[in-house]
$ cat input-v6.pdb   # PDB, C-alpha atoms, pLDDT in the B column
ATOM      1  CA  MET Z   1       0.000   0.000   0.000  1.00 65.00           C
ATOM      2  CA  ASN Z   2       2.741   2.422   0.955  1.00 78.00           C
ATOM      3  CA  LEU Z   3       4.676   1.602  -2.198  1.00 76.00           C
ATOM      4  CA  LEU Z   4       1.576   2.259  -4.343  1.00 76.00           C
ATOM      5  CA  LYS Z   5       1.068   5.703  -2.790  1.00 77.00           C
ATOM      6  CA  GLN Z   6       4.704   6.566  -3.403  1.00 76.00           C
ATOM      7  CA  PHE Z   7       4.496   5.551  -7.109  1.00 70.00           C
ATOM      8  CA  ARG Z   8       1.285   7.571  -7.458  1.00 77.00           C
ATOM      9  CA  LYS Z   9       2.956  10.716  -6.020  1.00 71.00           C
ATOM     10  CA  ILE Z  10       6.006  10.302  -8.245  1.00 75.00           C
ATOM     11  CA  GLY Z  11       3.772   9.718 -11.290  1.00 65.00           C
ATOM     12  CA  THR Z  12       1.709  12.812 -10.475  1.00 71.00           C
ATOM     13  CA  VAL Z  13       4.846  14.956 -10.132  1.00 59.00           C
ATOM     14  CA  LEU Z  14       6.263  13.672 -13.433  1.00 61.00           C
ATOM     15  CA  ILE Z  15       2.991  14.316 -15.269  1.00 70.00           C
ATOM     16  CA  LEU Z  16       2.796  17.813 -13.755  1.00 58.00           C
ATOM     17  CA  ILE Z  17       6.365  18.580 -14.865  1.00 66.00           C
ATOM     18  CA  LEU Z  18       5.599  17.270 -18.355  1.00 53.00           C
ATOM     19  CA  VAL Z  19       2.417  19.362 -18.638  1.00 58.00           C
ATOM     20  CA  LEU Z  20       4.164  22.505 -17.441  1.00 60.00           C
ATOM     21  CA  THR Z  21       7.077  21.970 -19.817  1.00 61.00           C
ATOM     22  CA  ILE Z  22       4.825  21.433 -22.826  1.00 65.00           C
ATOM     23  CA  THR Z  23       2.500  24.364 -22.071  1.00 59.00           C
ATOM     24  CA  THR Z  24       5.408  26.719 -21.457  1.00 53.00           C
ATOM     25  CA  ALA Z  25       7.204  25.695 -24.639  1.00 54.00           C
ATOM     26  CA  CYS Z  26       4.122  25.728 -26.867  1.00 57.00           C
ATOM     27  CA  GLY Z  27       2.133  28.512 -25.261  1.00 53.00           C
ATOM     28  CA  GLY Z  28       4.665  31.314 -25.535  1.00 52.00           C
ATOM     29  CA  GLY Z  29       3.430  34.747 -26.505  1.00 52.00           C
ATOM     30  CA  THR Z  30       3.803  35.964 -30.020  1.00 52.00           C
ATOM     31  CA  VAL Z  31       6.288  38.682 -30.692  1.00 48.00           C
ATOM     32  CA  THR Z  32       5.409  41.277 -33.277  1.00 52.00           C
ATOM     33  CA  GLN Z  33       7.877  43.585 -34.889  1.00 52.00           C
ATOM     34  CA  ALA Z  34       7.233  47.269 -34.505  1.00 51.00           C
ATOM     35  CA  ASP Z  35       6.180  49.159 -37.597  1.00 49.00           C
ATOM     36  CA  ARG Z  36       9.125  51.446 -38.231  1.00 47.00           C
ATOM     37  CA  THR Z  37       7.725  53.003 -41.370  1.00 49.00           C
ATOM     38  CA  THR Z  38       5.564  55.445 -39.440  1.00 47.00           C
ATOM     39  CA  THR Z  39       7.044  57.852 -36.947  1.00 42.00           C
ATOM     40  CA  PRO Z  40       4.964  59.081 -34.052  1.00 44.00           C
ATOM     41  CA  ALA Z  41       4.096  62.749 -34.024  1.00 44.00           C
ATOM     42  CA  ILE Z  42       5.929  64.700 -31.374  1.00 41.00           C
ATOM     43  CA  GLY Z  43       3.713  67.264 -29.779  1.00 42.00           C
ATOM     44  CA  ARG Z  44       2.732  68.738 -26.469  1.00 43.00           C
ATOM     45  CA  ASP Z  45      -0.254  66.584 -25.696  1.00 44.00           C
ATOM     46  CA  ALA Z  46      -1.433  66.067 -22.114  1.00 41.00           C
ATOM     47  CA  THR Z  47       0.524  62.863 -21.538  1.00 40.00           C
ATOM     48  CA  TYR Z  48       3.786  64.376 -22.748  1.00 40.00           C
ATOM     49  CA  ALA Z  49       3.301  67.462 -20.578  1.00 43.00           C
ATOM     50  CA  GLN Z  50       2.747  65.319 -17.498  1.00 39.00           C
ATOM     51  CA  LEU Z  51       5.947  63.412 -18.079  1.00 45.00           C
ATOM     52  CA  GLU Z  52       7.748  66.648 -18.756  1.00 67.00           C
ATOM     53  CA  ARG Z  53       6.586  68.579 -15.667  1.00 80.00           C
ATOM     54  CA  GLY Z  54       6.807  65.939 -12.969  1.00 78.00           C
ATOM     55  CA  ASN Z  55       7.218  62.247 -12.384  1.00 78.00           C
ATOM     56  CA  THR Z  56       4.837  62.319  -9.408  1.00 83.00           C
ATOM     57  CA  PRO Z  57       1.364  63.883  -9.106  1.00 84.00           C
ATOM     58  CA  SER Z  58       2.574  66.432  -6.547  1.00 84.00           C
ATOM     59  CA  GLY Z  59       5.585  67.249  -8.703  1.00 85.00           C
ATOM     60  CA  GLN Z  60       3.323  67.654 -11.721  1.00 87.00           C
ATOM     61  CA  SER Z  61       1.080  70.080  -9.824  1.00 87.00           C
ATOM     62  CA  PHE Z  62       3.986  72.119  -8.482  1.00 86.00           C
ATOM     63  CA  GLY Z  63       5.639  72.332 -11.909  1.00 88.00           C
ATOM     64  CA  ASP Z  64       2.382  73.534 -13.460  1.00 89.00           C
ATOM     65  CA  TRP Z  65       1.928  76.079 -10.671  1.00 88.00           C
ATOM     66  CA  ILE Z  66       5.443  77.498 -11.180  1.00 89.00           C
ATOM     67  CA  VAL Z  67       4.918  78.081 -14.893  1.00 89.00           C
ATOM     68  CA  GLN Z  68       1.439  79.567 -14.401  1.00 90.00           C
ATOM     69  CA  THR Z  69       2.377  81.979 -11.601  1.00 88.00           C
ATOM     70  CA  SER Z  70       5.811  83.077 -12.792  1.00 87.00           C
ATOM     71  CA  ARG Z  71       4.418  85.953 -14.885  1.00 87.00           C
ATOM     72  CA  GLY Z  72       6.494  84.884 -17.859  1.00 88.00           C
ATOM     73  CA  LEU Z  73       9.804  84.560 -15.978  1.00 90.00           C
ATOM     74  CA  VAL Z  74       9.777  80.754 -16.217  1.00 92.00           C
ATOM     75  CA  GLN Z  75       9.101  79.172 -19.612  1.00 92.00           C
ATOM     76  CA  ASP Z  76       9.147  75.569 -18.441  1.00 91.00           C
ATOM     77  CA  ALA Z  77       9.635  73.579 -15.236  1.00 91.00           C
ATOM     78  CA  TYR Z  78      10.062  69.960 -14.236  1.00 91.00           C
ATOM     79  CA  ILE Z  79      10.138  68.135 -10.909  1.00 90.00           C
ATOM     80  CA  ARG Z  80      11.905  64.802 -10.462  1.00 88.00           C
ATOM     81  CA  ASP Z  81      11.545  62.591  -7.394  1.00 87.00           C
ATOM     82  CA  ASN Z  82      10.108  65.508  -5.384  1.00 83.00           C
ATOM     83  CA  ASN Z  83      13.619  66.822  -4.675  1.00 89.00           C
ATOM     84  CA  LYS Z  84      14.929  68.186  -7.970  1.00 92.00           C
ATOM     85  CA  LEU Z  85      13.450  71.220  -9.707  1.00 91.00           C
ATOM     86  CA  GLY Z  86      14.594  72.340 -13.126  1.00 93.00           C
ATOM     87  CA  VAL Z  87      13.394  75.591 -14.671  1.00 93.00           C
ATOM     88  CA  VAL Z  88      13.984  77.215 -18.040  1.00 93.00           C
ATOM     89  CA  ILE Z  89      13.925  80.976 -17.634  1.00 93.00           C
ATOM     90  CA  SER Z  90      12.685  83.412 -20.242  1.00 93.00           C
ATOM     91  CA  PRO Z  91      14.930  85.903 -22.057  1.00 93.00           C
ATOM     92  CA  GLN Z  92      13.445  88.763 -20.014  1.00 91.00           C
ATOM     93  CA  VAL Z  93      15.225  87.536 -16.850  1.00 90.00           C
ATOM     94  CA  SER Z  94      18.432  89.524 -16.429  1.00 90.00           C
ATOM     95  CA  PRO Z  95      21.615  87.855 -15.149  1.00 90.00           C
ATOM     96  CA  LYS Z  96      21.278  89.781 -11.852  1.00 92.00           C
ATOM     97  CA  GLU Z  97      17.824  88.289 -11.294  1.00 91.00           C
ATOM     98  CA  VAL Z  98      18.811  84.630 -11.738  1.00 92.00           C
ATOM     99  CA  ARG Z  99      20.107  84.015  -8.209  1.00 92.00           C
ATOM    100  CA  PRO Z 100      17.190  85.720  -6.405  1.00 91.00           C
ATOM    101  CA  LEU Z 101      14.774  83.822  -8.642  1.00 91.00           C
ATOM    102  CA  ALA Z 102      16.495  80.532  -7.791  1.00 91.00           C
ATOM    103  CA  LYS Z 103      16.323  81.360  -4.087  1.00 90.00           C
ATOM    104  CA  SER Z 104      12.636  82.180  -4.344  1.00 90.00           C
ATOM    105  CA  LEU Z 105      11.954  78.958  -6.222  1.00 90.00           C
ATOM    106  CA  LEU Z 106      13.915  77.016  -3.595  1.00 91.00           C
ATOM    107  CA  GLN Z 107      11.853  78.539  -0.789  1.00 89.00           C
ATOM    108  CA  GLY Z 108       8.593  77.562  -2.493  1.00 88.00           C
ATOM    109  CA  PHE Z 109       9.994  74.133  -3.279  1.00 87.00           C
ATOM    110  CA  GLN Z 110      10.980  73.694   0.366  1.00 89.00           C
ATOM    111  CA  LYS Z 111       7.449  74.564   1.555  1.00 89.00           C
ATOM    112  CA  ASN Z 112       5.863  72.059  -0.809  1.00 86.00           C
ATOM    113  CA  PHE Z 113       8.413  69.273  -0.291  1.00 85.00           C
ATOM    114  CA  PRO Z 114       9.733  69.641   3.295  1.00 86.00           C
ATOM    115  CA  ASP Z 115      12.290  67.467   5.072  1.00 85.00           C
ATOM    116  CA  GLN Z 116      14.401  66.797   1.989  1.00 88.00           C
ATOM    117  CA  ASN Z 117      17.653  67.910   0.464  1.00 92.00           C
ATOM    118  CA  LEU Z 118      16.625  69.915  -2.595  1.00 92.00           C
ATOM    119  CA  THR Z 119      18.234  70.974  -5.859  1.00 93.00           C
ATOM    120  CA  VAL Z 120      17.119  73.773  -8.172  1.00 93.00           C
ATOM    121  CA  LEU Z 121      18.623  73.814 -11.659  1.00 94.00           C
ATOM    122  CA  VAL Z 122      18.217  77.029 -13.657  1.00 94.00           C
ATOM    123  CA  TYR Z 123      18.575  76.819 -17.425  1.00 95.00           C
ATOM    124  CA  SER Z 124      18.891  79.638 -19.928  1.00 93.00           C
ATOM    125  CA  PRO Z 125      16.298  79.962 -22.716  1.00 93.00           C
ATOM    126  CA  ASP Z 126      18.591  77.890 -24.977  1.00 91.00           C
ATOM    127  CA  LYS Z 127      18.467  75.122 -22.303  1.00 91.00           C
ATOM    128  CA  LYS Z 128      22.045  75.464 -21.041  1.00 93.00           C
ATOM    129  CA  LEU Z 129      22.571  75.073 -17.301  1.00 95.00           C
ATOM    130  CA  ILE Z 130      23.510  78.426 -15.771  1.00 95.00           C
ATOM    131  CA  LEU Z 131      22.977  77.921 -12.018  1.00 94.00           C
ATOM    132  CA  THR Z 132      22.665  75.028  -9.585  1.00 94.00           C
ATOM    133  CA  THR Z 133      21.221  75.744  -6.156  1.00 93.00           C
ATOM    134  CA  GLN Z 134      21.414  73.052  -3.489  1.00 93.00           C
ATOM    135  CA  TYR Z 135      19.713  73.053  -0.099  1.00 91.00           C
ATOM    136  CA  ASP Z 136      20.993  70.780   2.661  1.00 91.00           C
ATOM    137  CA  ARG Z 137      18.274  70.341   5.250  1.00 89.00           C
ATOM    138  CA  ALA Z 138      20.659  68.949   7.893  1.00 89.00           C
ATOM    139  CA  THR Z 139      22.726  72.149   7.952  1.00 91.00           C
ATOM    140  CA  ASN Z 140      19.989  74.443   6.607  1.00 88.00           C
ATOM    141  CA  GLN Z 141      22.559  75.796   4.117  1.00 89.00           C
ATOM    142  CA  VAL Z 142      22.097  76.874   0.509  1.00 89.00           C
ATOM    143  CA  GLN Z 143      24.958  76.545  -1.970  1.00 90.00           C
ATOM    144  CA  TYR Z 144      25.112  78.124  -5.418  1.00 89.00           C
ATOM    145  CA  SER Z 145      27.325  76.851  -8.200  1.00 89.00           C
TER     146      SER Z 145
END
$ encode --input "input-v6.pdb" --output "structure tokens"
Amino acid sequence: MNLLKQFRKIGTVLILILVLTITTACGGGTVTQADRTTTPAIGRDATYAQLERGNTPSGQSFGDWIVQTSRGLVQDAYIRDNNKLGVVISPQVSPKEVRPLAKSLLQGFQKNFPDQNLTVLVYSPDKKLILTTQYDRATNQVQYS
């Protein structure tokens, strides 16, 4: 009796292995090749704007708010991981105004995303980095570079 139960268990395991092997080998998904003859249109639709402004809902909202309330000083903004803010300033911002603008942005950023080390990257209208502002919450210090 004991020997019969043991053969039955071994037989069941072997059949199960065989079934899983066959279904995995024969039931694989089909792979289709992408149609490379058509290129997707690049535009500023809603999905693209969301990816561009923030990779979190709160970052998206804050990035939108910055652009809307900047009175034309900020052309574009993005938030990454709720601790990095990048802004593209407009041509009407003078070089003397860049640092105070970065400080103001950092203060607003700090209120919306507290208890974090923060970075504000300021880009010129041609998208070249002109100022990096870093806030260290442990020392409460701001560094410009």
$ atom_distance --input "input-v6.pdb" --atom1 "atom CA of Z:Phe113" --atom2 "atom CA of Z:Asp126"
28.1 Å
$ resolve_selection --input "input-v6.pdb" --expression "the PyMOL selection byres ((chain Z and resi 138) around 9)" --output "CSV table (one decimal) with C-alpha atoms, in the coordinates of the input"
chain,number,residue,atom,x,y,z
Z,115,ASP,CA,12.3,67.5,5.1
Z,116,GLN,CA,14.4,66.8,2.0
Z,117,ASN,CA,17.7,67.9,0.5
Z,136,ASP,CA,21.0,70.8,2.7
Z,137,ARG,CA,18.3,70.3,5.2
Z,139,THR,CA,22.7,72.1,8.0
Z,140,ASN,CA,20.0,74.4,6.6
Z,141,GLN,CA,22.6,75.8,4.1
$ axis_aligned_box --input "input-v6.pdb" --around "stretch 57-68 of chain Z" --padding-each-side "4 Å" --output "JSON"
{"center_x": 3.4, "center_y": 71.7, "center_z": -10.7, "size_x": 12.6, "size_y": 23.7, "size_z": 16.3}
$ residues_around --input "input-v6.pdb" --residues "Z:Pro91" --least-positions-apart "6" --cutoff "12 Å" --atoms "only C-alpha atoms" --output "PyMOL selection string"
chain Z and resi 72-75+97-98+123-127
$ atom_distance --input "input-v6.pdb" --atom1 "atom CA of Z:Asp76" --atom2 "atom CA of Z:Ser94"
16.9 Å
$ atom_distance --input "input-v6.pdb" --atom1 "atom CA of Z:Lys111" --atom2 "atom CA of Z:Asp64"
15.9 Å
$ closest_residue --input "input-v6.pdb" --among "Z:Ala102, Z:Val67, Z:Val142, Z:Leu121" --to "Z:Asn83" --atoms "only C-alpha atoms"
Z:Leu121
$ closest_residue --input "input-v6.pdb" --among "Z:Val122, Z:Arg8, Z:Trp65, Z:Gly59" --to "Z:Pro100" --atoms "only C-alpha atoms"
Z:Val122
$ resolve_selection --input "input-v6.pdb" --expression "the PyMOL selection byres ((chain Z and resi 133) around 8)" --output "list in words"
Ala102, Lys103, Leu106, Thr119, Val120, Leu121, Leu131, Thr132, Gln134, Tyr135, Val142, Gln143, Tyr144 and Ser145 of chain Z
